[in-house]
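Each remark here refers to the structure printed beneath this line.
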Amino acid sequence: MKRFMMACICLFAIHCYALADDDKRIDYNQLPEQARQFIEQHFSSGDIEHVMEDSEWGGLDKSYEVHFTNGTHIEFDSSGEWEDIKCKYSHVPDEVVPQPILNYANQHHPSNKIVRLDKGFRKYEAKLDNGRELVFDLNFKFRKYDD
């Protein structure tokens, strides 16, 4: 019985290791085409510091992170669609922000800029340079402040 339990524990440990996250640096050209086009269209003035590929579930699910020297950080899903944009010393370009979110921010917070934009499974979150977070549903309807 003890051997069986030890064998089960070992198999479980090997299984968990195989499914563990695997982050590695990759070349910019290894990003999905859609991600490269997005960067070239909206962030072409920034110098890229490094690009990371994050593989989960044994390589079945991949995501990408692009880090710029100016503190900007963009996360993309496996197809190259942006998921999260963080701008440390600047703001998210207006043309990237969905128009209803930009309109709301400009109307209710005209002196502030969006420094982070997160596209979640059920919501969008826009963080302003004053620290306030605006939460919108997937139809871009404002839901709440999340400070």
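Convention: chains lettered A, B, ... in structure tokens order; per-chain residue numbering from 1; ligands numbered from 1 as shown.
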Run DSSP on the backbone and give me the residues of segment 10-142 of chain A it puts in helix (DSSP H, G or I), as number ranges by chain. A: 10-19, 28-30, 33-42, 99-108
Would you save the residues of that selection, restricted to N, CA and C atoms, as a compact mmCIF listing (two decimals), in the first residue's frame?
```txt
# COMPACT_ATOMS: atom_id res chain seq x y z
N CYS A 10 4.32 10.39 -6.79
CA CYS A 10 5.34 10.68 -7.81
C CYS A 10 4.69 10.99 -9.16
N LEU A 11 3.71 10.22 -9.55
CA LEU A 11 3.01 10.48 -10.80
C LEU A 11 2.31 11.83 -10.77
N PHE A 12 1.70 12.16 -9.65
CA PHE A 12 1.04 13.46 -9.51
C PHE A 12 2.06 14.59 -9.62
N ALA A 13 3.20 14.45 -8.99
CA ALA A 13 4.24 15.47 -9.06
C ALA A 13 4.75 15.65 -10.48
N ILE A 14 4.97 14.57 -11.19
CA ILE A 14 5.42 14.64 -12.58
C ILE A 14 4.36 15.32 -13.44
N HIS A 15 3.11 14.96 -13.22
CA HIS A 15 2.00 15.56 -13.97
C HIS A 15 1.94 17.07 -13.72
N CYS A 16 2.05 17.49 -12.48
CA CYS A 16 2.01 18.93 -12.14
C CYS A 16 3.18 19.66 -12.77
N TYR A 17 4.35 19.06 -12.77
CA TYR A 17 5.52 19.68 -13.37
C TYR A 17 5.31 19.86 -14.87
N ALA A 18 4.74 18.88 -15.52
CA ALA A 18 4.52 18.94 -16.97
C ALA A 18 3.52 20.03 -17.33
N LEU A 19 2.58 20.30 -16.44
CA LEU A 19 1.56 21.31 -16.71
C LEU A 19 1.93 22.69 -16.19
N TYR A 28 11.11 39.09 -31.14
CA TYR A 28 9.92 39.86 -31.53
C TYR A 28 9.20 39.22 -32.72
N ASN A 29 9.95 38.70 -33.67
CA ASN A 29 9.35 38.10 -34.87
C ASN A 29 8.58 36.82 -34.58
N GLN A 30 8.74 36.27 -33.38
CA GLN A 30 8.00 35.06 -33.01
C GLN A 30 6.62 35.38 -32.43
N GLU A 33 1.31 37.44 -35.74
CA GLU A 33 1.24 38.55 -36.68
C GLU A 33 0.34 39.68 -36.18
N GLN A 34 -0.80 39.33 -35.61
CA GLN A 34 -1.74 40.34 -35.13
C GLN A 34 -1.11 41.20 -34.03
N ALA A 35 -0.33 40.60 -33.15
CA ALA A 35 0.34 41.35 -32.08
C ALA A 35 1.38 42.30 -32.67
N ARG A 36 2.16 41.83 -33.63
CA ARG A 36 3.17 42.69 -34.26
C ARG A 36 2.52 43.86 -34.97
N GLN A 37 1.41 43.62 -35.67
CA GLN A 37 0.71 44.71 -36.35
C GLN A 37 0.18 45.73 -35.34
N PHE A 38 -0.36 45.26 -34.23
CA PHE A 38 -0.87 46.15 -33.19
C PHE A 38 0.25 47.04 -32.65
N ILE A 39 1.39 46.43 -32.36
CA ILE A 39 2.53 47.20 -31.83
C ILE A 39 3.01 48.21 -32.86
N GLU A 40 3.16 47.79 -34.10
CA GLU A 40 3.66 48.68 -35.14
C GLU A 40 2.69 49.83 -35.41
N GLN A 41 1.40 49.59 -35.26
CA GLN A 41 0.41 50.62 -35.51
C GLN A 41 0.28 51.59 -34.34
N HIS A 42 0.35 51.11 -33.10
CA HIS A 42 0.04 51.95 -31.95
C HIS A 42 1.23 52.25 -31.03
N GLN A 99 -14.09 53.28 -28.01
CA GLN A 99 -14.67 54.62 -28.03
C GLN A 99 -15.61 54.90 -26.86
N PRO A 100 -16.53 53.99 -26.49
CA PRO A 100 -17.41 54.29 -25.36
C PRO A 100 -16.65 54.48 -24.04
N ILE A 101 -15.57 53.74 -23.84
CA ILE A 101 -14.77 53.90 -22.63
C ILE A 101 -14.05 55.23 -22.67
N LEU A 102 -13.48 55.58 -23.81
CA LEU A 102 -12.80 56.86 -23.96
C LEU A 102 -13.77 58.02 -23.76
N ASN A 103 -14.95 57.90 -24.33
CA ASN A 103 -15.97 58.96 -24.16
C ASN A 103 -16.33 59.14 -22.69
N TYR A 104 -16.54 58.04 -21.98
CA TYR A 104 -16.90 58.13 -20.56
C TYR A 104 -15.77 58.77 -19.77
N ALA A 105 -14.55 58.32 -20.01
CA ALA A 105 -13.40 58.87 -19.29
C ALA A 105 -13.24 60.36 -19.58
N ASN A 106 -13.37 60.76 -20.82
CA ASN A 106 -13.23 62.17 -21.18
C ASN A 106 -14.35 63.02 -20.59
N GLN A 107 -15.55 62.48 -20.52
CA GLN A 107 -16.69 63.23 -20.00
C GLN A 107 -16.62 63.37 -18.48
N HIS A 108 -16.27 62.30 -17.78
CA HIS A 108 -16.32 62.31 -16.32
C HIS A 108 -14.97 62.59 -15.66
```
Neighbour list for segment 91-96 of chain A as number ranges by chain, cut-off 8 Å, only C-alpha atoms, skip fewer than 2 positions in-chain: A: 42, 85-89, 98, 102, 113-117
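Residues in contact range of Asp27 of chain A, defined as at most 9 Å between only C-alpha atoms, with sequence neighbours fewer than 2 positions away removed, read Arg25, Asn29, Gln30, Leu31, His50, Val51 and Met52 of chain A.
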Determine which residues of chain A DSSP labels as strand (DSSP E or B) from the backbone of this structure, then write them out as JSON, numbers by chain. {"A": [22, 23, 24, 25, 26, 48, 49, 50, 51, 52, 53, 54, 55, 56, 61, 62, 63, 64, 65, 66, 67, 68, 73, 74, 75, 76, 82, 83, 84, 85, 86, 114, 115, 116, 117, 118, 119, 123, 124, 125, 126, 127, 128, 133, 134, 135, 136, 137, 142, 143, 144, 145]}
Could you pull the residues within 6 Å of Asp84 of chain A, counting only C-alpha atoms, minus those fewer than 6 positions along the same chain, as a count of residues only? 4
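Among A:Asp129, A:Ile26, A:Asn139, A:Ser45, the residue with the shortest atom-to-atom distance to Glu65 of chain A, counting only C-alpha atoms, is A:Ile26.
Note that the spacing between atom CA of Ser78 of chain A and atom CA of Leu134 of chain A amounts to 26.3 Å.
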